[in-house]
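Below: one structure, written as structure tokens.
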Amino acid sequence: MAYTPKQIALEEFDAKIKSGYVEVSTSALGAEVVACSDDFFVSRHNLIKPGPSISMKGQFGPNGALYDGWESRRHNPTFDWVIIRLATPSTTIEYVDIDTSHFSGNEAPQSQIFALTPEDVARILPSSGGKGKFSPSHPGWTEILPVVDLGPNSRHIFQVGGLGQKGHWGALMVRMIPDGGMARFRAYGSPIPPALPSSLSPNYKSQEPIDLLSPLIGGRIISCSDANFSPPQNLLLPGRGFDMSDGWETRRSQHARGKKEWVIAKLGVSGVIGYVEVDTAFHPGNYPVACAIEATLSSDGDLASAEWTTVVAKKPLGPHRQHYFDVEKTIPEGQVWSHIRYTIYPDGGSKRVRVFGYPLAPSSALPATAAPQSLTLPVLPLTYEAFKPYGQVIQGYSFSSSAPKGIPTTTANQGTASKFHRLGKIEADYPAGQGKPGGVAIGAVKAANRLDVASGVKIQVELLERHRFTTQAFIPLGRGPNTPAPGGFIVVVALNGADDNPDLKTVRAFLATAAQGVSFDRGIWHHSLLTVGGDLEYAVVEQGHLDPSSWLYVEKVTPSIPTYLQIPPFPPKSSSEHTTENAHLPIVSHLGQSQITSNASSGITHPELITPDNFAPFGHIISTSPSSSHKDSESSPDGKTTKHNVLAPIVSSYPADSGAVTGISVYRATKKVGLERGREFEVRYMERHEYTSQAFIPMGKAEWHGKSEEALAPGGEFLVIVAKAGADGKPDPSTLKSFIMPPNTGLSYAPGVWHHPVLILDSTIDLACVETQISTGVHDTDERDCELISWEGKEVFGKIAVPVLA
């Protein structure tokens, strides 16, 4: 018996039906138009674009009027067609939306739809990866929608017959009878999920998790509290989007403080949740303040009486950032879930939500135990918000609007840098007379690679330590010339528990790239420095103790239950070219004087390569190759780590009532206009900080491709210009000196030393800056923070012969 297509009212479909299915034909999920009979007027590829068709009335191209859709030539004796390879390998087809918006008088009068099974698609596309040719004459096409009538400028929703609903399909052929135009075509179905395993292997966390919420395996949005600006279905799309429009954004709720918004989604397959990703890309000022994730297991999909369990407790969010959250340690091992509820506080926009885990049949869940016998922590990308309970992340950001909430961002150094203020805290409160004399200082650590993690690895956490009386910051230095690519480092942290030991319900693990530093708050339990995937050098900021083994400096304990780290492959094999600095940077500047003539009357100063000795009149050098006179160093028992303490003291003489705060900022410093290799540079600015030392630490350049800020371009050096004060307190030109500082070396200007604002050669560099300031950098400044002198016209303070690269 022939099937009579059932047409569905738009209001009913959009309000009650559409959310129950996945749009399997959209290019947003990876579907593509692979063949077409004719698209003379406007392109076939418009047909499956994700957004609604727009009017192009009055616009013309060389072939005629333009439309946001697909339009063929007139007078076809039979029909035109397009073939769409669906986004998911196998799916049912339940409904189709044939849209003729803005086509009036030239719309397609009729349509008909055929489908092809995944097996037939596989026969067209060779397993070798070659591209096969799709054709209407290929055997296997099955009619799933008979000929239907269409009208102008409207959407037509049809429920397909049993063949479409019960079959497994991989491609569709849409006929336009006989010719004309269609704005959009959308097919809705239920992707066929992978088979669910009946058990998990003992080492299942070492396997690559999948996105359980992916629409390609049937993940879909069930309902939401509000979708005023954009729909929640966007949360499931791949990629990071293209602007603010393709996420989920609610209306503002300032009128109801404490309000929250939510989305409920069905996982494509039931399974064990490993961790969750929440992305706020392109939401720089309207992202939610915080979010939480709950989950439930429902066999029949009736959520009216569902019991929701918090799998990610309320966590802060930041702007334009991917956030990664481990599940709560109170969740029983192997717990299976089928639905999640994503809640935001109080409102705002989110780009994507992904739930990574391991498929498992609900009946196969592991029995819950009263207490976990062991813990295996996923090592996740490090972000400021996730690390906030334990300390601060020190890094630069590609956009000023990406800075964490509450971090002031200003333009600095005559427009050559963006400054992210006080990203890291510096504190110390030893009992009187117990801390190392001189207070907090900057040292350096040379750490050899302790672990090859290119293929991922599981290791046990043997010890956790804490520094009860001092913060402790580790900041990776840049790479020296012609050195191998840098590694990363593992950060394991836990809050203190009621028994004055690590609270393992709060233990988390992160992987930091060479472009990220961390500052541990006082009393935070953490793993000792664990460098992986390559060697690294670090600056370390802390107040030490005369006896490094004293409990006053460090306390160490073994976790109360066996605790393991599941470290993912790093750098990712598929994108290693994106993850680190170029391993072969240019060698340091050629410091000979041949490129610019030098004589006593020219007044041109030639830079020297900076060393602890030649810079000593002006401050200190932060390097893993300190002066031979430096004696305060220590090494790990295995010789893989060497630490040089107190290379540069942090000095502040601000009055006690000034409100001055010492912190770690980051300058994203760019090349100054007029500063060119092999040319003369005129010194027109000099500044000093009378009350504070000021340290600049060049940071590493690296990324975790697809999971972090993009890496800065390799290379770059710091041109240092200094002078002593004359009798009048102003910089004395006769004492002008210049140095080249390579990217694996930092410096600290002593209080009152005149120096030029940061000058970077060649490539942008992130500089961690350790200083004390009164000003917040937002609306006001304090004249005691910095004294700046400038020269104009023909008058300059001096001239520097900028060296060429060797």
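Residues in the structure tokens are numbered from 1 in each chain, the chains being A, B, ... in the order shown, and ligands are numbered from 1 in the order shown.
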Check: So which residues touch region 604-609 of chain A within 6 Å, counting only C-alpha atoms, skipping near sequence neighbours fewer than 2 positions away, as a PyMOL selection string?
Finding: chain A and resi 602+738-740+799-801
Take the selection from the previous step and output its residues with N, CA, C and O atoms, as a PDB file, in the first residue's frame.
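Okay, part_32.pdb is ready:
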```pdb
ATOM      1  N   SER A 602      80.073  59.420  17.924  1.00  0.00           N
ATOM      2  CA  SER A 602      78.755  59.030  17.420  1.00  0.00           C
ATOM      3  C   SER A 602      77.730  58.917  18.529  1.00  0.00           C
ATOM      4  O   SER A 602      76.541  59.052  18.291  1.00  0.00           O
ATOM      5  N   SER A 738      73.467  48.949  27.408  1.00  0.00           N
ATOM      6  CA  SER A 738      72.432  48.145  26.750  1.00  0.00           C
ATOM      7  C   SER A 738      72.861  46.683  26.729  1.00  0.00           C
ATOM      8  O   SER A 738      74.051  46.370  26.629  1.00  0.00           O
ATOM      9  N   PHE A 739      71.846  45.800  26.834  1.00  0.00           N
ATOM     10  CA  PHE A 739      72.099  44.361  26.868  1.00  0.00           C
ATOM     11  C   PHE A 739      71.071  43.641  26.003  1.00  0.00           C
ATOM     12  O   PHE A 739      69.949  44.121  25.800  1.00  0.00           O
ATOM     13  N   ILE A 740      71.451  42.481  25.522  1.00  0.00           N
ATOM     14  CA  ILE A 740      70.520  41.552  24.890  1.00  0.00           C
ATOM     15  C   ILE A 740      70.246  40.443  25.890  1.00  0.00           C
ATOM     16  O   ILE A 740      71.166  39.804  26.404  1.00  0.00           O
ATOM     17  N   LYS A 799      71.428  56.586  21.787  1.00  0.00           N
ATOM     18  CA  LYS A 799      71.172  55.786  20.593  1.00  0.00           C
ATOM     19  C   LYS A 799      71.779  54.404  20.786  1.00  0.00           C
ATOM     20  O   LYS A 799      72.889  54.271  21.308  1.00  0.00           O
ATOM     21  N   ILE A 800      71.015  53.394  20.329  1.00  0.00           N
ATOM     22  CA  ILE A 800      71.438  52.016  20.483  1.00  0.00           C
ATOM     23  C   ILE A 800      71.588  51.378  19.108  1.00  0.00           C
ATOM     24  O   ILE A 800      70.700  51.519  18.250  1.00  0.00           O
ATOM     25  N   ALA A 801      72.717  50.708  18.902  1.00  0.00           N
ATOM     26  CA  ALA A 801      72.926  49.948  17.664  1.00  0.00           C
ATOM     27  C   ALA A 801      72.244  48.591  17.825  1.00  0.00           C
ATOM     28  O   ALA A 801      72.763  47.716  18.517  1.00  0.00           O
TER      29      ALA A 801
END
```
Please report as CSV every residue of region 507-580 of chain A lying within 10 Å of region 627-647 of chain A, along with the nearest atom pair and their distance in Å (one decimal), using only C-alpha atoms.
```
residue,atom,partner,partner_atom,distance
A:Leu529,CA,A:Thr641,CA,8.9
A:Leu530,CA,A:Thr641,CA,9.8
A:Thr531,CA,A:Thr641,CA,9.5
A:Asp535,CA,A:Lys640,CA,9.6
A:Leu536,CA,A:Thr641,CA,9.9
A:Glu537,CA,A:Thr641,CA,9.6
A:Tyr538,CA,A:Lys643,CA,9.2
A:Ala539,CA,A:His644,CA,9.4
A:Val540,CA,A:Asn645,CA,8.4
A:Val541,CA,A:Val646,CA,8.9
A:Glu542,CA,A:Val646,CA,8.9
A:Gln543,CA,A:Val646,CA,8.6
A:Gly544,CA,A:Asn645,CA,7.9
A:Pro548,CA,A:Glu634,CA,9.2
```
Notebook entry, point to check: Pick from A:Cys769, A:Ile273, A:Ala386, A:Leu591: nearest to Cys291 (chain A), with only C-alpha atoms counted?
Noted result: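 When distances to Cys291 (chain A) are compared using only C-alpha atoms, the smallest one comes from A:Ala386.
Using only C-alpha atoms, the smallest distance between any of A:Ala31, A:Ala183, A:Lys166, A:Asp38 and Phe103 (chain A) comes from A:Ala183.
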Next item on the list: Would you list the contacts of Pro389 (chain A) as a VMD selection string, taking every protein, DNA or RNA residue within 10 Å and counting only C-alpha atoms, but skipping same-chain residues closer than 4 positions in sequence?
Entry: chain A and resid 315 to 316 384 to 385 493 to 495 506 520 to 521 524
What would the file look like if the residues just selected were written as a PDB file, in the first residue's frame with C-alpha atoms?
```pdb
ATOM      1  CA  LYS A 315      32.356  26.136  39.310  1.00  0.00           C
ATOM      2  CA  PRO A 316      33.329  29.627  38.116  1.00  0.00           C
ATOM      3  CA  TYR A 384      42.437  29.832  35.610  1.00  0.00           C
ATOM      4  CA  GLU A 385      38.899  29.122  36.788  1.00  0.00           C
ATOM      5  CA  VAL A 493      46.482  19.844  44.037  1.00  0.00           C
ATOM      6  CA  ALA A 494      44.156  19.251  46.988  1.00  0.00           C
ATOM      7  CA  LEU A 495      42.591  21.352  49.716  1.00  0.00           C
ATOM      8  CA  THR A 506      39.080  17.824  46.367  1.00  0.00           C
ATOM      9  CA  PHE A 520      50.046  27.740  44.827  1.00  0.00           C
ATOM     10  CA  ASP A 521      48.255  29.427  47.705  1.00  0.00           C
ATOM     11  CA  ILE A 524      47.645  23.983  49.418  1.00  0.00           C
TER      12      ILE A 524
END
```
Next item on the list: Would you list, as a ChimeraX atom specification, the residues of region 230-346 of chain A that end up in strand (DSSP E) under DSSP run on this structure's backbone?
Entry: /A:248-249,261-279,290-296,309-316,322-326,337-345
Notebook entry, point to check: Any idea what the distance is between CA of Thr410 (chain A) and CA of Leu423 (chain A)?
Noted result: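 A separation of 13.1 Å between them.
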Notebook entry, point to check: Which polymer residues have any atom within 9 Å of an atom of Trp791 (chain A), counting only C-alpha atoms, with same-chain residues fewer than 3 positions away left out, as a list in words?
Noted result: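 Here the answer would be Val683, Arg684, Tyr685, Lys794, Glu795, Val796 and Phe797 of chain A.
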Margin query: Which residues are near Leu736 (chain A)? Cut-off 9 Å, only C-alpha atoms, ignore same chain within fewer than 4 positions. Put them as a VMD selection string.
Written below: chain A and resid 605 721 to 724 731 to 732 797 to 798
